[in-house]
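Enquirer: Input structure: model_8.cif, which contains mmCIF, C-alpha atoms, pLDDT in the B column; chains and numbers go by the auth columns.
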```
data_structure
loop_
_atom_site.group_PDB
_atom_site.id
_atom_site.type_symbol
_atom_site.label_atom_id
_atom_site.label_comp_id
_atom_site.label_asym_id
_atom_site.label_seq_id
_atom_site.Cartn_x
_atom_site.Cartn_y
_atom_site.Cartn_z
_atom_site.B_iso_or_equiv
_atom_site.auth_seq_id
_atom_site.auth_asym_id
ATOM 1 C CA SER A 1 -158.329 165.214 -7.177 43.00 266 A
ATOM 2 C CA GLN A 2 -156.445 163.041 -9.619 53.00 267 A
ATOM 3 C CA GLN A 3 -153.061 163.827 -11.139 68.00 268 A
ATOM 4 C CA GLY A 4 -154.743 164.780 -14.395 74.00 269 A
ATOM 5 C CA GLU A 5 -158.219 166.219 -14.233 81.00 270 A
ATOM 6 C CA GLU A 6 -160.138 167.688 -17.152 84.00 271 A
ATOM 7 C CA ASP A 7 -162.520 170.593 -16.931 84.00 272 A
ATOM 8 C CA PRO A 8 -165.362 170.858 -17.721 90.00 273 A
ATOM 9 C CA GLN A 9 -166.725 167.339 -17.288 91.00 274 A
ATOM 10 C CA ALA A 10 -169.144 167.973 -20.154 94.00 275 A
ATOM 11 C CA LEU A 11 -169.369 170.614 -22.863 95.00 276 A
ATOM 12 C CA SER A 12 -172.081 171.210 -25.454 96.00 277 A
ATOM 13 C CA ILE A 13 -171.564 173.621 -28.367 96.00 278 A
ATOM 14 C CA GLN A 14 -172.913 174.361 -31.825 97.00 279 A
ATOM 15 C CA GLU A 15 -171.151 173.332 -34.985 97.00 280 A
ATOM 16 C CA GLY A 16 -168.668 175.971 -36.066 97.00 281 A
ATOM 17 C CA GLU A 17 -167.932 177.172 -32.546 97.00 282 A
ATOM 18 C CA ASN A 18 -164.631 176.652 -30.770 97.00 283 A
ATOM 19 C CA ALA A 19 -164.317 174.158 -27.923 97.00 284 A
ATOM 20 C CA THR A 20 -161.828 174.575 -25.082 97.00 285 A
ATOM 21 C CA MET A 21 -161.023 171.886 -22.561 96.00 286 A
ATOM 22 C CA ASN A 22 -158.598 172.194 -19.693 96.00 287 A
ATOM 23 C CA CYS A 23 -156.422 169.721 -17.834 95.00 288 A
ATOM 24 C CA SER A 24 -154.904 170.386 -14.435 94.00 289 A
ATOM 25 C CA TYR A 25 -152.300 168.213 -12.786 92.00 290 A
ATOM 26 C CA LYS A 26 -150.564 168.108 -9.440 89.00 291 A
ATOM 27 C CA THR A 27 -146.943 167.023 -9.843 86.00 292 A
ATOM 28 C CA SER A 28 -144.206 167.880 -12.313 87.00 293 A
ATOM 29 C CA ILE A 29 -144.471 166.184 -15.676 89.00 294 A
ATOM 30 C CA ASN A 30 -142.240 164.992 -18.502 89.00 295 A
ATOM 31 C CA ASN A 31 -144.974 165.402 -21.064 92.00 296 A
ATOM 32 C CA LEU A 32 -148.714 165.620 -21.497 94.00 297 A
ATOM 33 C CA GLN A 33 -150.820 163.942 -24.162 95.00 298 A
ATOM 34 C CA TRP A 34 -154.375 164.471 -25.335 96.00 299 A
ATOM 35 C CA TYR A 35 -156.526 161.598 -26.592 97.00 300 A
ATOM 36 C CA ARG A 36 -159.977 161.365 -28.151 97.00 301 A
ATOM 37 C CA GLN A 37 -162.417 158.508 -27.576 96.00 302 A
ATOM 38 C CA ASN A 38 -165.474 158.025 -29.730 96.00 303 A
ATOM 39 C CA SER A 39 -168.349 156.107 -28.194 92.00 304 A
ATOM 40 C CA GLY A 40 -167.598 152.403 -28.015 91.00 305 A
ATOM 41 C CA ARG A 41 -164.080 152.761 -29.398 93.00 306 A
ATOM 42 C CA GLY A 42 -160.551 152.925 -28.134 94.00 307 A
ATOM 43 C CA LEU A 43 -158.551 156.079 -27.496 96.00 308 A
ATOM 44 C CA VAL A 44 -156.893 157.881 -30.375 97.00 309 A
ATOM 45 C CA HIS A 45 -153.794 159.997 -29.819 96.00 310 A
ATOM 46 C CA LEU A 46 -154.152 163.668 -30.754 97.00 311 A
ATOM 47 C CA ILE A 47 -151.124 165.641 -29.551 97.00 312 A
ATOM 48 C CA LEU A 48 -148.121 165.207 -27.272 95.00 313 A
ATOM 49 C CA ILE A 49 -146.535 168.270 -25.685 96.00 314 A
ATOM 50 C CA ARG A 50 -143.295 168.070 -23.747 94.00 315 A
ATOM 51 C CA SER A 51 -142.646 169.906 -20.512 93.00 316 A
ATOM 52 C CA ASN A 52 -140.289 172.369 -22.238 95.00 317 A
ATOM 53 C CA GLU A 53 -142.854 173.293 -24.896 97.00 318 A
ATOM 54 C CA ARG A 54 -145.590 175.896 -24.506 97.00 319 A
ATOM 55 C CA GLU A 55 -147.800 175.404 -27.548 98.00 320 A
ATOM 56 C CA LYS A 56 -148.394 172.892 -30.333 97.00 321 A
ATOM 57 C CA HIS A 57 -150.729 172.800 -33.277 96.00 322 A
ATOM 58 C CA SER A 58 -152.172 169.989 -35.344 96.00 323 A
ATOM 59 C CA GLY A 59 -154.800 170.931 -37.907 97.00 324 A
ATOM 60 C CA ARG A 60 -157.751 172.422 -36.000 97.00 325 A
ATOM 61 C CA LEU A 61 -156.210 171.470 -32.655 98.00 326 A
ATOM 62 C CA ARG A 62 -154.148 173.772 -30.492 98.00 327 A
ATOM 63 C CA VAL A 63 -152.626 172.652 -27.200 98.00 328 A
ATOM 64 C CA THR A 64 -150.989 174.912 -24.660 98.00 329 A
ATOM 65 C CA LEU A 65 -149.022 173.978 -21.580 97.00 330 A
ATOM 66 C CA ASP A 66 -148.371 176.204 -18.567 96.00 331 A
ATOM 67 C CA THR A 67 -146.056 174.336 -16.206 95.00 332 A
ATOM 68 C CA SER A 68 -146.122 177.163 -13.648 95.00 333 A
ATOM 69 C CA LYS A 69 -149.885 176.690 -13.296 95.00 334 A
ATOM 70 C CA LYS A 70 -149.702 172.941 -13.870 94.00 335 A
ATOM 71 C CA SER A 71 -152.333 173.119 -16.548 95.00 336 A
ATOM 72 C CA SER A 72 -152.916 172.457 -20.221 96.00 337 A
ATOM 73 C CA SER A 73 -155.686 173.389 -22.590 97.00 338 A
ATOM 74 C CA LEU A 74 -156.977 171.792 -25.774 97.00 339 A
ATOM 75 C CA LEU A 75 -158.682 174.085 -28.265 98.00 340 A
ATOM 76 C CA ILE A 76 -160.683 172.678 -31.160 98.00 341 A
ATOM 77 C CA THR A 77 -161.492 175.391 -33.679 98.00 342 A
ATOM 78 C CA ALA A 78 -164.489 175.406 -36.032 98.00 343 A
ATOM 79 C CA SER A 79 -165.925 172.278 -34.414 97.00 344 A
ATOM 80 C CA ARG A 80 -167.836 169.672 -36.379 97.00 345 A
ATOM 81 C CA ALA A 81 -170.415 167.086 -35.367 96.00 346 A
ATOM 82 C CA ALA A 82 -167.703 164.457 -35.912 96.00 347 A
ATOM 83 C CA ASP A 83 -165.719 166.032 -33.044 97.00 348 A
ATOM 84 C CA THR A 84 -168.350 164.713 -30.617 98.00 349 A
ATOM 85 C CA ALA A 85 -166.346 162.445 -28.308 97.00 350 A
ATOM 86 C CA SER A 86 -164.669 162.241 -24.921 96.00 351 A
ATOM 87 C CA TYR A 87 -161.289 163.897 -24.579 96.00 352 A
ATOM 88 C CA PHE A 88 -158.660 162.776 -22.094 95.00 353 A
ATOM 89 C CA CYS A 89 -155.375 164.223 -20.954 95.00 354 A
ATOM 90 C CA ALA A 90 -152.622 161.864 -19.881 94.00 355 A
ATOM 91 C CA THR A 91 -149.574 162.979 -17.929 91.00 356 A
ATOM 92 C CA GLY A 92 -146.182 161.322 -17.959 86.00 357 A
ATOM 93 C CA THR A 93 -144.346 162.006 -14.741 79.00 358 A
ATOM 94 C CA PRO A 94 -140.880 161.203 -13.400 73.00 359 A
ATOM 95 C CA ASP A 95 -142.478 159.277 -10.526 68.00 360 A
ATOM 96 C CA TYR A 96 -144.476 157.098 -12.872 65.00 361 A
ATOM 97 C CA GLY A 97 -141.593 156.101 -15.111 70.00 362 A
ATOM 98 C CA GLN A 98 -142.652 155.161 -18.596 75.00 363 A
ATOM 99 C CA ASN A 99 -146.363 155.117 -17.758 84.00 364 A
ATOM 100 C CA PHE A 100 -149.189 157.667 -17.836 86.00 365 A
ATOM 101 C CA VAL A 101 -151.950 158.866 -15.560 88.00 366 A
ATOM 102 C CA PHE A 102 -155.239 159.601 -17.323 91.00 367 A
ATOM 103 C CA GLY A 103 -157.846 162.091 -16.204 89.00 368 A
ATOM 104 C CA PRO A 104 -161.574 161.264 -16.142 90.00 369 A
ATOM 105 C CA GLY A 105 -162.190 163.115 -19.408 93.00 370 A
ATOM 106 C CA THR A 106 -164.376 165.827 -20.903 94.00 371 A
ATOM 107 C CA ARG A 107 -167.464 164.781 -22.842 95.00 372 A
ATOM 108 C CA LEU A 108 -167.858 167.094 -25.859 97.00 373 A
ATOM 109 C CA SER A 109 -171.119 167.262 -27.779 97.00 374 A
ATOM 110 C CA VAL A 110 -171.155 169.259 -31.012 97.00 375 A
ATOM 111 C CA LEU A 111 -174.688 169.956 -32.145 95.00 376 A
ATOM 112 C CA PRO A 112 -175.428 170.304 -35.885 90.00 377 A
ATOM 113 C CA ASN B 1 -153.066 148.040 -40.891 65.00 51 B
ATOM 114 C CA ALA B 2 -154.610 146.074 -38.026 77.00 52 B
ATOM 115 C CA GLY B 3 -152.836 147.989 -35.221 94.00 53 B
ATOM 116 C CA VAL B 4 -153.917 146.702 -31.805 97.00 54 B
ATOM 117 C CA THR B 5 -156.503 143.922 -31.859 97.00 55 B
ATOM 118 C CA GLN B 6 -158.456 142.880 -28.793 98.00 56 B
ATOM 119 C CA THR B 7 -160.671 139.828 -28.438 97.00 57 B
ATOM 120 C CA PRO B 8 -163.365 139.224 -27.438 97.00 58 B
ATOM 121 C CA LYS B 9 -165.267 142.511 -27.776 97.00 59 B
ATOM 122 C CA PHE B 10 -167.883 141.503 -25.209 97.00 60 B
ATOM 123 C CA GLN B 11 -167.932 138.879 -22.477 97.00 61 B
ATOM 124 C CA VAL B 12 -170.206 137.958 -19.604 97.00 62 B
ATOM 125 C CA LEU B 13 -168.802 135.842 -16.791 97.00 63 B
ATOM 126 C CA LYS B 14 -170.082 134.442 -13.566 97.00 64 B
ATOM 127 C CA THR B 15 -168.318 135.229 -10.300 97.00 65 B
ATOM 128 C CA GLY B 16 -165.409 132.876 -9.785 97.00 66 B
ATOM 129 C CA GLN B 17 -164.881 132.028 -13.442 97.00 67 B
ATOM 130 C CA SER B 18 -161.547 132.671 -15.120 96.00 68 B
ATOM 131 C CA MET B 19 -160.829 133.957 -18.568 96.00 69 B
ATOM 132 C CA THR B 20 -158.148 135.477 -20.758 98.00 70 B
ATOM 133 C CA LEU B 21 -158.476 138.722 -22.652 98.00 71 B
ATOM 134 C CA GLN B 22 -156.376 138.670 -25.779 98.00 72 B
ATOM 135 C CA CYS B 23 -154.321 141.540 -27.177 98.00 73 B
ATOM 136 C CA ALA B 24 -152.153 141.455 -30.280 98.00 74 B
ATOM 137 C CA GLN B 25 -150.289 144.188 -32.150 97.00 75 B
ATOM 138 C CA ASP B 26 -148.626 144.026 -35.529 96.00 76 B
ATOM 139 C CA MET B 27 -146.435 147.141 -35.246 95.00 77 B
ATOM 140 C CA ASN B 28 -143.427 145.451 -33.598 95.00 78 B
ATOM 141 C CA HIS B 29 -143.923 147.605 -30.521 96.00 79 B
ATOM 142 C CA GLU B 30 -141.856 146.781 -27.473 95.00 80 B
ATOM 143 C CA TYR B 31 -144.116 148.445 -24.897 94.00 81 B
ATOM 144 C CA MET B 32 -147.619 147.095 -24.217 96.00 82 B
ATOM 145 C CA SER B 33 -150.063 147.814 -21.441 96.00 83 B
ATOM 146 C CA TRP B 34 -153.515 147.006 -20.079 97.00 84 B
ATOM 147 C CA TYR B 35 -155.952 149.567 -18.678 97.00 85 B
ATOM 148 C CA ARG B 36 -159.424 149.386 -17.257 97.00 86 B
ATOM 149 C CA GLN B 37 -161.941 152.172 -17.775 96.00 87 B
ATOM 150 C CA ASP B 38 -164.739 152.744 -15.290 93.00 88 B
ATOM 151 C CA PRO B 39 -167.431 155.473 -15.401 85.00 89 B
ATOM 152 C CA GLY B 40 -166.248 158.814 -14.037 77.00 90 B
ATOM 153 C CA MET B 41 -162.661 157.656 -13.749 79.00 91 B
ATOM 154 C CA GLY B 42 -159.825 157.858 -16.178 83.00 92 B
ATOM 155 C CA LEU B 43 -158.061 154.815 -17.484 92.00 93 B
ATOM 156 C CA ARG B 44 -156.176 152.980 -14.775 94.00 94 B
ATOM 157 C CA LEU B 45 -153.080 150.967 -15.530 94.00 95 B
ATOM 158 C CA ILE B 46 -153.279 147.274 -14.625 96.00 96 B
ATOM 159 C CA HIS B 47 -150.043 145.764 -15.960 96.00 97 B
ATOM 160 C CA TYR B 48 -147.454 146.702 -18.528 94.00 98 B
ATOM 161 C CA SER B 49 -144.541 145.184 -20.403 95.00 99 B
ATOM 162 C CA VAL B 50 -141.448 146.813 -21.882 93.00 100 B
ATOM 163 C CA GLY B 51 -140.538 143.774 -23.969 93.00 101 B
ATOM 164 C CA ALA B 52 -140.925 140.042 -24.386 94.00 102 B
ATOM 165 C CA GLY B 53 -140.345 138.251 -21.092 95.00 103 B
ATOM 166 C CA ILE B 54 -140.677 141.454 -19.011 94.00 104 B
ATOM 167 C CA THR B 55 -143.840 142.474 -17.174 95.00 105 B
ATOM 168 C CA ASP B 56 -144.601 144.750 -14.255 93.00 106 B
ATOM 169 C CA GLN B 57 -147.526 145.898 -12.163 94.00 107 B
ATOM 170 C CA GLY B 58 -149.427 149.095 -12.654 92.00 108 B
ATOM 171 C CA GLU B 59 -151.836 150.935 -10.392 90.00 109 B
ATOM 172 C CA VAL B 60 -154.510 148.225 -10.024 94.00 110 B
ATOM 173 C CA PRO B 61 -152.906 144.777 -10.589 96.00 111 B
ATOM 174 C CA ASN B 62 -154.773 142.691 -8.000 96.00 112 B
ATOM 175 C CA GLY B 63 -156.832 139.875 -9.508 96.00 113 B
ATOM 176 C CA TYR B 64 -155.030 140.000 -12.864 97.00 114 B
ATOM 177 C CA ASN B 65 -152.060 138.179 -14.347 97.00 115 B
ATOM 178 C CA VAL B 66 -150.116 138.865 -17.534 98.00 116 B
ATOM 179 C CA SER B 67 -147.358 137.264 -19.541 96.00 117 B
ATOM 180 C CA ARG B 68 -145.369 138.371 -22.578 97.00 118 B
ATOM 181 C CA SER B 69 -143.891 135.412 -24.411 97.00 119 B
ATOM 182 C CA THR B 70 -143.777 137.197 -27.780 97.00 120 B
ATOM 183 C CA THR B 71 -143.469 140.809 -28.909 97.00 121 B
ATOM 184 C CA GLU B 72 -146.887 140.652 -30.566 97.00 122 B
ATOM 185 C CA ASP B 73 -149.099 139.249 -27.805 98.00 123 B
ATOM 186 C CA PHE B 74 -149.927 140.447 -24.296 98.00 124 B
ATOM 187 C CA PRO B 75 -152.826 138.471 -22.776 98.00 125 B
ATOM 188 C CA LEU B 76 -154.563 139.529 -19.562 98.00 126 B
ATOM 189 C CA ARG B 77 -155.879 136.785 -17.293 98.00 127 B
ATOM 190 C CA LEU B 78 -158.620 137.112 -14.709 96.00 128 B
ATOM 191 C CA LEU B 79 -157.944 134.385 -12.197 92.00 129 B
ATOM 192 C CA SER B 80 -161.292 134.337 -10.350 96.00 130 B
ATOM 193 C CA ALA B 81 -163.693 136.946 -11.669 96.00 131 B
ATOM 194 C CA ALA B 82 -165.383 139.305 -9.207 97.00 132 B
ATOM 195 C CA PRO B 83 -168.204 141.828 -9.837 96.00 133 B
ATOM 196 C CA SER B 84 -165.717 144.637 -9.097 96.00 134 B
ATOM 197 C CA GLN B 85 -163.882 143.635 -12.264 97.00 135 B
ATOM 198 C CA THR B 86 -166.847 144.605 -14.422 97.00 136 B
ATOM 199 C CA SER B 87 -165.289 147.213 -16.676 97.00 137 B
ATOM 200 C CA VAL B 88 -164.066 148.044 -20.141 97.00 138 B
ATOM 201 C CA TYR B 89 -160.530 146.824 -20.716 98.00 139 B
ATOM 202 C CA PHE B 90 -158.134 148.449 -23.156 98.00 140 B
ATOM 203 C CA CYS B 91 -154.824 147.238 -24.453 98.00 141 B
ATOM 204 C CA ALA B 92 -152.311 149.783 -25.738 96.00 142 B
ATOM 205 C CA SER B 93 -148.881 149.673 -27.319 96.00 143 B
ATOM 206 C CA ARG B 94 -146.114 152.015 -28.361 94.00 144 B
ATOM 207 C CA TRP B 95 -142.655 151.690 -29.854 91.00 145 B
ATOM 208 C CA ASP B 96 -140.635 151.422 -26.641 84.00 146 B
ATOM 209 C CA ARG B 97 -140.408 152.485 -23.005 82.00 147 B
ATOM 210 C CA ASP B 98 -139.774 156.147 -23.902 84.00 148 B
ATOM 211 C CA SER B 99 -142.940 157.936 -22.784 82.00 149 B
ATOM 212 C CA ASN B 100 -142.462 160.757 -25.322 85.00 150 B
ATOM 213 C CA GLN B 101 -144.487 158.996 -27.989 88.00 151 B
ATOM 214 C CA PRO B 102 -148.141 158.219 -28.633 91.00 152 B
ATOM 215 C CA GLN B 103 -149.857 155.053 -27.508 93.00 153 B
ATOM 216 C CA HIS B 104 -152.046 153.033 -29.865 96.00 154 B
ATOM 217 C CA PHE B 105 -155.198 151.564 -28.340 97.00 155 B
ATOM 218 C CA GLY B 106 -157.402 148.644 -29.216 97.00 156 B
ATOM 219 C CA ASP B 107 -161.180 149.021 -29.271 96.00 157 B
ATOM 220 C CA GLY B 108 -161.634 147.394 -25.895 97.00 158 B
ATOM 221 C CA THR B 109 -163.260 144.366 -24.294 98.00 159 B
ATOM 222 C CA ARG B 110 -166.493 145.030 -22.415 97.00 160 B
ATOM 223 C CA LEU B 111 -166.609 142.604 -19.509 97.00 161 B
ATOM 224 C CA SER B 112 -169.540 141.999 -17.179 97.00 162 B
ATOM 225 C CA ILE B 113 -169.217 139.833 -14.083 97.00 163 B
ATOM 226 C CA LEU B 114 -172.488 138.544 -12.655 96.00 164 B
#
```
Go ahead and express the file in the form of structure tokens.
Expert:
Amino acid sequence: SQQGEEDPQALSIQEGENATMNCSYKTSINNLQWYRQNSGRGLVHLILIRSNEREKHSGRLRVTLDTSKKSSSLLITASRAADTASYFCATGTPDYGQNFVFGPGTRLSVLP
Amino acid sequence: NAGVTQTPKFQVLKTGQSMTLQCAQDMNHEYMSWYRQDPGMGLRLIHYSVGAGITDQGEVPNGYNVSRSTTEDFPLRLLSAAPSQTSVYFCASRWDRDSNQPQHFGDGTRLSIL
């Protein structure tokens, strides 16, 4: 598997429900970022969490990081149709210097 | 604010042709990078630059060249296009080499090699 790998690959929920996506990685990290990509567009940064942090919030987004399990989760509360997109985690590692390794993404569909 | 601008948005090439993908940012960012995105795979780093005159290879640099003569521009050159280079290419930038900051992405160039 890749350094960063999201789970599930695809997720379909109803509007108003919560969506949870997970990211697992293999080596120690400096930080982990979550990005959103709408169809046909570039990636948009959502949240950055550093290796010494356990949880961060931004609006309806909540990110947790468990370095002992080498995993992170992204929770979107009260989802909207506009949240339909692909979500990627990107890990910054000591071995990779100033660069990031992206996972293959989770495709989220929010049905009205 | 324009942010990161990529041109062209779409391009079709024949095998063996060369072309340059343009990337420009207006945020005075020192760090710029090029990724390719293929189905089922995350973004893979092609080349990056930590400032004008400085470039380095990423994970998949073969078949691509870059240069960084100004802070604003970071063009990606395909020397002799191959079908394996069919992909969506993204340019990204951030303030500097410190990885503890978000990257800003362009909307991509969709490239098909026949």
Enquirer: Name every residue that the PyMOL selection byres ((chain B and resi 89) around 10) selects in this structure, writing the answer as a list in words with chains first and numbers rising.
Expert: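 So the PyMOL selection byres ((chain B and resi 89) around 10), applied here, picks out Pro369 of chain A; Gln87, Asp88, Gly90, Met91, Gly92, Leu93, Ser137 and Val138 of chain B.
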Enquirer: Rounded to one decimal, what separation in Å do you get between CA of Asn287 in chain A and CA of Ser323 in chain A?
Expert: 17.1 Å
Enquirer: I'd like a table as a Markdown table: residues in chain B with an atom no more than 12 Å from chain A, each row giving the shortest atom pair and its distance in Å to one decimal, only C-alpha atoms counted, sorted by chain and rising residue number.
Expert:
```
| residue | atom | partner | partner_atom | distance |
| --- | --- | --- | --- | --- |
| B:Gly53 | CA | A:Gly307 | CA | 11.6 |
| B:Val54 | CA | A:Gly307 | CA | 9.8 |
| B:Thr55 | CA | A:Gly307 | CA | 10.6 |
| B:Gln56 | CA | A:Gly307 | CA | 10.3 |
| B:Lys59 | CA | A:Gly305 | CA | 10.2 |
| B:Phe60 | CA | A:Gly305 | CA | 11.3 |
| B:Tyr81 | CA | A:Gln363 | CA | 9.3 |
| B:Met82 | CA | A:Asn364 | CA | 10.4 |
| B:Ser83 | CA | A:Asn364 | CA | 9.0 |
| B:Trp84 | CA | A:Asn364 | CA | 11.1 |
| B:Tyr85 | CA | A:Phe367 | CA | 10.2 |
| B:Arg86 | CA | A:Phe367 | CA | 11.0 |
| B:Gln87 | CA | A:Pro369 | CA | 9.2 |
| B:Asp88 | CA | A:Pro369 | CA | 9.1 |
| B:Pro89 | CA | A:Pro369 | CA | 8.3 |
| B:Gly90 | CA | A:Pro369 | CA | 5.7 |
| B:Met91 | CA | A:Pro369 | CA | 4.5 |
| B:Gly92 | CA | A:Pro369 | CA | 3.8 |
| B:Leu93 | CA | A:Phe367 | CA | 5.6 |
| B:Arg94 | CA | A:Phe367 | CA | 7.2 |
| B:Leu95 | CA | A:Val366 | CA | 8.0 |
| B:Ile96 | CA | A:Asn364 | CA | 10.9 |
| B:His97 | CA | A:Asn364 | CA | 10.2 |
| B:Tyr98 | CA | A:Asn364 | CA | 8.5 |
| B:Ser99 | CA | A:Gln363 | CA | 10.3 |
| B:Val100 | CA | A:Gln363 | CA | 9.1 |
| B:Asp106 | CA | A:Asn364 | CA | 11.1 |
| B:Gln107 | CA | A:Asn364 | CA | 10.8 |
| B:Gly108 | CA | A:Asn364 | CA | 8.5 |
| B:Glu109 | CA | A:Val366 | CA | 9.5 |
| B:Val138 | CA | A:Gly305 | CA | 9.7 |
| B:Tyr139 | CA | A:Gly307 | CA | 9.6 |
| B:Phe140 | CA | A:Gly307 | CA | 7.1 |
| B:Cys141 | CA | A:Gly307 | CA | 8.9 |
| B:Ala142 | CA | A:Leu308 | CA | 9.0 |
| B:Ser143 | CA | A:Asn364 | CA | 11.3 |
| B:Arg144 | CA | A:Gln363 | CA | 10.8 |
| B:Trp145 | CA | A:Gln363 | CA | 11.8 |
| B:Asp146 | CA | A:Gln363 | CA | 9.1 |
| B:Arg147 | CA | A:Gln363 | CA | 5.6 |
| B:Asp148 | CA | A:Gln363 | CA | 6.1 |
| B:Ser149 | CA | A:Gln363 | CA | 5.0 |
| B:Asn150 | CA | A:Asn296 | CA | 6.8 |
| B:Gln151 | CA | A:Leu313 | CA | 7.2 |
| B:Pro152 | CA | A:His310 | CA | 6.0 |
| B:Gln153 | CA | A:His310 | CA | 6.7 |
| B:His154 | CA | A:Val309 | CA | 6.9 |
| B:Phe155 | CA | A:Gly307 | CA | 5.5 |
| B:Gly156 | CA | A:Gly307 | CA | 5.4 |
| B:Asp157 | CA | A:Gly307 | CA | 4.1 |
| B:Gly158 | CA | A:Gly307 | CA | 6.1 |
| B:Thr159 | CA | A:Gly307 | CA | 9.8 |
| B:Arg160 | CA | A:Gly305 | CA | 9.3 |
```
Enquirer: Point out the residue among A:Glu280, A:Pro359, A:Leu373, A:Ile294 with the least atom-to-atom distance to Arg345 in chain A, counting only C-alpha atoms.
Expert: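 Checking each candidate against Arg345 in chain A, we get A:Glu280 as the closest.
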Enquirer: Using CA of Val62 in chain B and CA of Leu129 in chain B as the two end points, give the distance in Å to one decimal.
Expert: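 Distance reported for this atom pair: 14.8 Å.
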Enquirer: To one decimal place, how far is CA of Glu80 in chain B from CA of Pro58 in chain B in Å?
Expert: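 It comes out at 22.8 Å.
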Enquirer: For Gln67 in chain B, which residue out of B:Ser130, B:Ser162, B:Ser117, B:Thr136 is the nearest one, using only C-alpha atoms?
Expert: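 For Gln67 in chain B, the nearest of the candidates is B:Ser130.
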Enquirer: Which residues would end up in the selection if the PyMOL selection byres ((chain A and resi 339) around 9) were applied here, given that I need the answer as a VMD selection string?
Expert: chain A and resid 284 to 288 299 326 to 329 337 to 338 340 to 341
Enquirer: Leaving out Pro125 in chain B and any residue of its chain fewer than 4 positions from it, which residues lie within 6 Å of it when counting all atoms listed in the file, given as an MDAnalysis selection string?
Expert: chainID B and resid 71:73 116
Enquirer: Could you save those same residues with C-alpha atoms as a tab-separated table (two decimals), keeping the file's coordinate frame?
Expert:
```tsv
chain	number	residue	atom	x	y	z
B	71	LEU	CA	-158.48	138.72	-22.65
B	72	GLN	CA	-156.38	138.67	-25.78
B	73	CYS	CA	-154.32	141.54	-27.18
B	116	VAL	CA	-150.12	138.86	-17.53
```
Enquirer: Can you spell out as a ChimeraX atom specification the set of residues that the PyMOL selection byres ((chain A and resi 348) around 12) selects in the structure I just provided?
Expert: /A:276-284,301-304,325-326,340-347,349-352,372-377
Enquirer: What box, with edges along x, y and z, holds each listed atom of range 133-150 of chain B when 6 Å is added on every side, and can you state its centre and edge lengths in Å to one decimal, as lines of an AutoDock Vina configuration file?
Expert:
```
center_x = -154.0
center_y = 151.3
center_z = -19.5
size_x = 40.4
size_y = 30.9
size_z = 32.8
```
